[in-house]
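To keep things clear, I will list the structure first and then write my remarks on it.
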Amino acid sequence: MRAVIAEDSVLLRIGLVKVLEMAGFEVAAETGDAEGVLAAVEEHRPDLALLDVRMPPGFTDEGVRAALMIRSQYPGTAVLLLSQFVEERYAADLLSSRSGAGIGYLLKQRVADVEEFIDALRRVAAGGTALDPQVVAQLLLRRGGPDPLERLTPRERDVLALMAEGRSNAAIATGLVVSESAVAKHINNIFAKLDLPPAAEAHRRVLAVLRFLDGTP
């Protein structure tokens, strides 16, 4: 799999290149600004684009705007945003963009756990999600209006919250101290109660997570 990286900190960018190569990615291009990553995606059509939220010249939302353009113009490219702080508005903007590719939003501190970060990279590149637990919590506080999940039981909500973080069935089972078969049953109930049509398991998981986070009825 090929990837492009956009991070203005040279030291962090070097580290990210090494981590992606450890994960089996070919880093096709690396850049320090949004304009550069858009050009790199157009040229290389990578499987994954890894972007910092704030980059030159304004250090505001350049990475988010670039990510939204990538998801619109290159729907086959998965996008993973990195941020120094929890900025739920940016995460919500990313989640509201519909694309078949994976999406992720992690705090930069997660990069320090290399094994977990590599797992997140692979999940997103494969079409899944990787959302920082702190981002999930902020998005749930932000969401208002009718609750599209009122049909779910408390345990099913717990399962869906862990799905939103990108956890596998095995990891959910460990976290909730239940069997994997129980987790699978909860997930099937979630799909049914959210009226998600039969489809590939990974695709329905992403749809369920999006509905969970953006409050779509």
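Labels for the structure tokens follow display order: chains A, B, ..., residues from 1 in each chain, ligands from 1.
For Gln109 (chain A), the set of protein, DNA and RNA residues having any atom at most 12 Å away, when counting only C-alpha atoms and skipping those fewer than 5 positions along the same chain, is Leu12, Leu82, Ser83, Gln84, Phe85, Val86, Val114, Glu116, Phe117, Asp132 and Gln134 of chain A.
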Expected file: the selected residues, all heavy atoms, as a PDB file, in the first residue's frame:
```
ATOM      1  N   LEU A  12       8.823  15.068  13.369  1.00  0.00           N
ATOM      2  CA  LEU A  12       7.673  14.165  13.426  1.00  0.00           C
ATOM      3  C   LEU A  12       7.446  13.506  12.075  1.00  0.00           C
ATOM      4  O   LEU A  12       7.113  12.314  12.008  1.00  0.00           O
ATOM      5  CB  LEU A  12       6.421  14.925  13.866  1.00  0.00           C
ATOM      6  CG  LEU A  12       5.131  14.092  13.958  1.00  0.00           C
ATOM      7  CD1 LEU A  12       5.321  12.886  14.872  1.00  0.00           C
ATOM      8  CD2 LEU A  12       3.979  14.961  14.449  1.00  0.00           C
ATOM      9  N   LEU A  82      -4.183  13.875  12.070  1.00  0.00           N
ATOM     10  CA  LEU A  82      -3.500  13.935  13.361  1.00  0.00           C
ATOM     11  C   LEU A  82      -3.642  15.347  13.925  1.00  0.00           C
ATOM     12  O   LEU A  82      -3.517  16.326  13.198  1.00  0.00           O
ATOM     13  CB  LEU A  82      -2.014  13.596  13.211  1.00  0.00           C
ATOM     14  CG  LEU A  82      -1.664  12.164  12.826  1.00  0.00           C
ATOM     15  CD1 LEU A  82      -0.155  12.030  12.649  1.00  0.00           C
ATOM     16  CD2 LEU A  82      -2.156  11.183  13.869  1.00  0.00           C
ATOM     17  N   SER A  83      -3.902  15.436  15.224  1.00  0.00           N
ATOM     18  CA  SER A  83      -4.097  16.743  15.844  1.00  0.00           C
ATOM     19  C   SER A  83      -3.410  16.792  17.199  1.00  0.00           C
ATOM     20  O   SER A  83      -3.310  15.775  17.903  1.00  0.00           O
ATOM     21  CB  SER A  83      -5.596  17.022  16.012  1.00  0.00           C
ATOM     22  OG  SER A  83      -5.806  18.270  16.642  1.00  0.00           O
ATOM     23  N   GLN A  84      -2.940  17.970  17.564  1.00  0.00           N
ATOM     24  CA  GLN A  84      -2.305  18.155  18.865  1.00  0.00           C
ATOM     25  C   GLN A  84      -3.347  18.162  19.989  1.00  0.00           C
ATOM     26  O   GLN A  84      -3.084  17.715  21.091  1.00  0.00           O
ATOM     27  CB  GLN A  84      -1.531  19.473  18.887  1.00  0.00           C
ATOM     28  CG  GLN A  84      -0.613  19.648  20.081  1.00  0.00           C
ATOM     29  CD  GLN A  84       0.590  18.711  20.028  1.00  0.00           C
ATOM     30  OE1 GLN A  84       1.167  18.504  18.961  1.00  0.00           O
ATOM     31  NE2 GLN A  84       0.965  18.132  21.157  1.00  0.00           N
ATOM     32  N   PHE A  85      -4.536  18.663  19.665  1.00  0.00           N
ATOM     33  CA  PHE A  85      -5.606  18.773  20.660  1.00  0.00           C
ATOM     34  C   PHE A  85      -6.901  18.210  20.089  1.00  0.00           C
ATOM     35  O   PHE A  85      -7.032  18.028  18.874  1.00  0.00           O
ATOM     36  CB  PHE A  85      -5.823  20.241  21.060  1.00  0.00           C
ATOM     37  CG  PHE A  85      -4.571  20.963  21.456  1.00  0.00           C
ATOM     38  CD1 PHE A  85      -3.957  21.837  20.580  1.00  0.00           C
ATOM     39  CD2 PHE A  85      -4.004  20.754  22.704  1.00  0.00           C
ATOM     40  CE1 PHE A  85      -2.796  22.507  20.932  1.00  0.00           C
ATOM     41  CE2 PHE A  85      -2.841  21.407  23.066  1.00  0.00           C
ATOM     42  CZ  PHE A  85      -2.230  22.288  22.185  1.00  0.00           C
ATOM     43  N   VAL A  86      -7.877  17.961  20.952  1.00  0.00           N
ATOM     44  CA  VAL A  86      -9.196  17.523  20.498  1.00  0.00           C
ATOM     45  C   VAL A  86      -9.922  18.716  19.884  1.00  0.00           C
ATOM     46  O   VAL A  86     -10.175  19.707  20.557  1.00  0.00           O
ATOM     47  CB  VAL A  86     -10.030  16.956  21.665  1.00  0.00           C
ATOM     48  CG1 VAL A  86     -11.432  16.592  21.171  1.00  0.00           C
ATOM     49  CG2 VAL A  86      -9.347  15.746  22.270  1.00  0.00           C
ATOM     50  N   VAL A 114       3.599   2.831  19.157  1.00  0.00           N
ATOM     51  CA  VAL A 114       3.818   2.487  17.750  1.00  0.00           C
ATOM     52  C   VAL A 114       2.941   1.332  17.298  1.00  0.00           C
ATOM     53  O   VAL A 114       2.329   1.381  16.226  1.00  0.00           O
ATOM     54  CB  VAL A 114       5.309   2.157  17.508  1.00  0.00           C
ATOM     55  CG1 VAL A 114       5.517   1.669  16.077  1.00  0.00           C
ATOM     56  CG2 VAL A 114       6.169   3.386  17.769  1.00  0.00           C
ATOM     57  N   GLU A 116       0.032   0.259  18.454  1.00  0.00           N
ATOM     58  CA  GLU A 116      -1.369   0.661  18.348  1.00  0.00           C
ATOM     59  C   GLU A 116      -1.575   1.594  17.163  1.00  0.00           C
ATOM     60  O   GLU A 116      -2.592   1.509  16.463  1.00  0.00           O
ATOM     61  CB  GLU A 116      -1.809   1.347  19.643  1.00  0.00           C
ATOM     62  CG  GLU A 116      -3.286   1.735  19.661  1.00  0.00           C
ATOM     63  CD  GLU A 116      -3.705   2.301  21.000  1.00  0.00           C
ATOM     64  OE1 GLU A 116      -3.140   1.904  22.039  1.00  0.00           O
ATOM     65  OE2 GLU A 116      -4.608   3.161  21.008  1.00  0.00           O
ATOM     66  N   PHE A 117      -0.612   2.491  16.932  1.00  0.00           N
ATOM     67  CA  PHE A 117      -0.726   3.424  15.817  1.00  0.00           C
ATOM     68  C   PHE A 117      -0.672   2.682  14.479  1.00  0.00           C
ATOM     69  O   PHE A 117      -1.443   2.996  13.561  1.00  0.00           O
ATOM     70  CB  PHE A 117       0.384   4.465  15.892  1.00  0.00           C
ATOM     71  CG  PHE A 117       0.302   5.528  14.831  1.00  0.00           C
ATOM     72  CD1 PHE A 117      -0.815   6.340  14.729  1.00  0.00           C
ATOM     73  CD2 PHE A 117       1.343   5.715  13.935  1.00  0.00           C
ATOM     74  CE1 PHE A 117      -0.901   7.324  13.750  1.00  0.00           C
ATOM     75  CE2 PHE A 117       1.268   6.692  12.960  1.00  0.00           C
ATOM     76  CZ  PHE A 117       0.145   7.499  12.868  1.00  0.00           C
ATOM     77  N   ASP A 132      -9.909   8.654  17.946  1.00  0.00           N
ATOM     78  CA  ASP A 132      -9.348   8.771  19.281  1.00  0.00           C
ATOM     79  C   ASP A 132     -10.476   8.758  20.318  1.00  0.00           C
ATOM     80  O   ASP A 132     -11.510   9.404  20.127  1.00  0.00           O
ATOM     81  CB  ASP A 132      -8.566  10.088  19.386  1.00  0.00           C
ATOM     82  CG  ASP A 132      -7.629  10.083  20.564  1.00  0.00           C
ATOM     83  OD1 ASP A 132      -8.115  10.293  21.692  1.00  0.00           O
ATOM     84  OD2 ASP A 132      -6.429   9.885  20.356  1.00  0.00           O
ATOM     85  N   GLN A 134     -10.811  10.291  23.021  1.00  0.00           N
ATOM     86  CA  GLN A 134     -11.153  11.646  23.461  1.00  0.00           C
ATOM     87  C   GLN A 134     -11.998  12.372  22.412  1.00  0.00           C
ATOM     88  O   GLN A 134     -12.883  13.165  22.744  1.00  0.00           O
ATOM     89  CB  GLN A 134      -9.875  12.443  23.750  1.00  0.00           C
ATOM     90  CG  GLN A 134      -9.112  11.949  24.967  1.00  0.00           C
ATOM     91  CD  GLN A 134      -7.948  12.857  25.313  1.00  0.00           C
ATOM     92  OE1 GLN A 134      -8.063  14.071  25.252  1.00  0.00           O
ATOM     93  NE2 GLN A 134      -6.831  12.270  25.675  1.00  0.00           N
TER      94      GLN A 134
END
```
Long-range neighbours of Leu68 (chain A) as a list of chain:residue names, 8 Å cut-off, only C-alpha atoms, 2 positions minimum in chain: A:Val64, A:Arg65, A:Ala66, A:Ile70, A:Arg71, A:Ser72, A:Asp93, A:Leu94, A:Ser97
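With CA of Leu121 (chain A) on one side and CA of Ala28 (chain A) on the other, the separation reads 15.5 Å.
Distances to Gly63 (chain A) were evaluated for A:Ala3, A:Tyr105, A:Arg45, A:Asn189 using only C-alpha atoms, and the minimum falls at A:Tyr105.
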Would you please work out which residue, of A:Arg54, A:Arg157, A:Arg89, A:Lys185, is nearest to Val209 (chain A) when using only C-alpha atoms? A:Arg157
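For Leu106 (chain A), the set of protein, DNA and RNA residues having any atom at most 8 Å away, when counting only C-alpha atoms and skipping those fewer than 2 positions along the same chain, is Leu80, Leu81, Leu82, Ser83, Gly104, Lys108, Arg110, Ala130, Leu131, Asp132 and Val135 of chain A.
The protein and nucleic acid residues lying at most 9 Å from Ala49 (chain A) are A:Arg2, A:Ala3, A:Val4, A:Ile5, A:Ala6, A:Val37, A:Val41, A:Ala67, A:Ile70, A:Thr77, A:Ala78, A:Val79, A:Leu80, A:Leu81, A:Ala125, with only C-alpha atoms considered and sequence neighbours fewer than 5 positions away removed.
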If you keep C-alpha atoms, can you produce a file of those selected residues as a PDB file, in the first residue's frame?
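As a result, part-v5.pdb now contains:
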```pdb
ATOM      1  CA  ARG A   2       1.135   3.510  -0.771  1.00  0.00           C
ATOM      2  CA  ALA A   3       0.827   6.534   1.471  1.00  0.00           C
ATOM      3  CA  VAL A   4       1.524  10.257   1.449  1.00  0.00           C
ATOM      4  CA  ILE A   5       2.313  12.303   4.553  1.00  0.00           C
ATOM      5  CA  ALA A   6       1.658  15.987   5.272  1.00  0.00           C
ATOM      6  CA  VAL A  37      -0.259  16.880  -0.124  1.00  0.00           C
ATOM      7  CA  VAL A  41      -2.397  12.629  -3.913  1.00  0.00           C
ATOM      8  CA  ALA A  67      -8.681  16.016   3.762  1.00  0.00           C
ATOM      9  CA  ILE A  70      -9.212  14.359  -0.965  1.00  0.00           C
ATOM     10  CA  THR A  77      -7.926   7.290  -0.721  1.00  0.00           C
ATOM     11  CA  ALA A  78      -8.333   6.751   3.008  1.00  0.00           C
ATOM     12  CA  VAL A  79      -7.634   9.749   5.251  1.00  0.00           C
ATOM     13  CA  LEU A  80      -6.150   9.870   8.741  1.00  0.00           C
ATOM     14  CA  LEU A  81      -5.901  13.230  10.505  1.00  0.00           C
ATOM     15  CA  ALA A 125      -6.275   1.938   4.917  1.00  0.00           C
TER      16      ALA A 125
END
```
Find the residues around Pro56 (chain A) up to 10 Å (only C-alpha atoms counted), leave out those fewer than 6 positions away in its own chain, and share them as a ChimeraX atom specification. /A:7-8,32-35,62-63
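Of the listed residues (A:Arg167, A:Arg123, A:Arg211, A:His186), A:Arg123 comes nearest to Gly102 (chain A); the distances count only C-alpha atoms.
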Could you write out, as JSON, numbers by chain, all the residues of region 19-111 of chain A that DSSP marks as alpha helix (DSSP H)? {"A": [19, 20, 21, 22, 34, 35, 36, 37, 38, 39, 40, 41, 42, 43, 44, 62, 63, 64, 65, 66, 67, 68, 69, 70, 71, 72, 73, 88, 89, 90, 91, 92, 93, 94, 95, 96]}
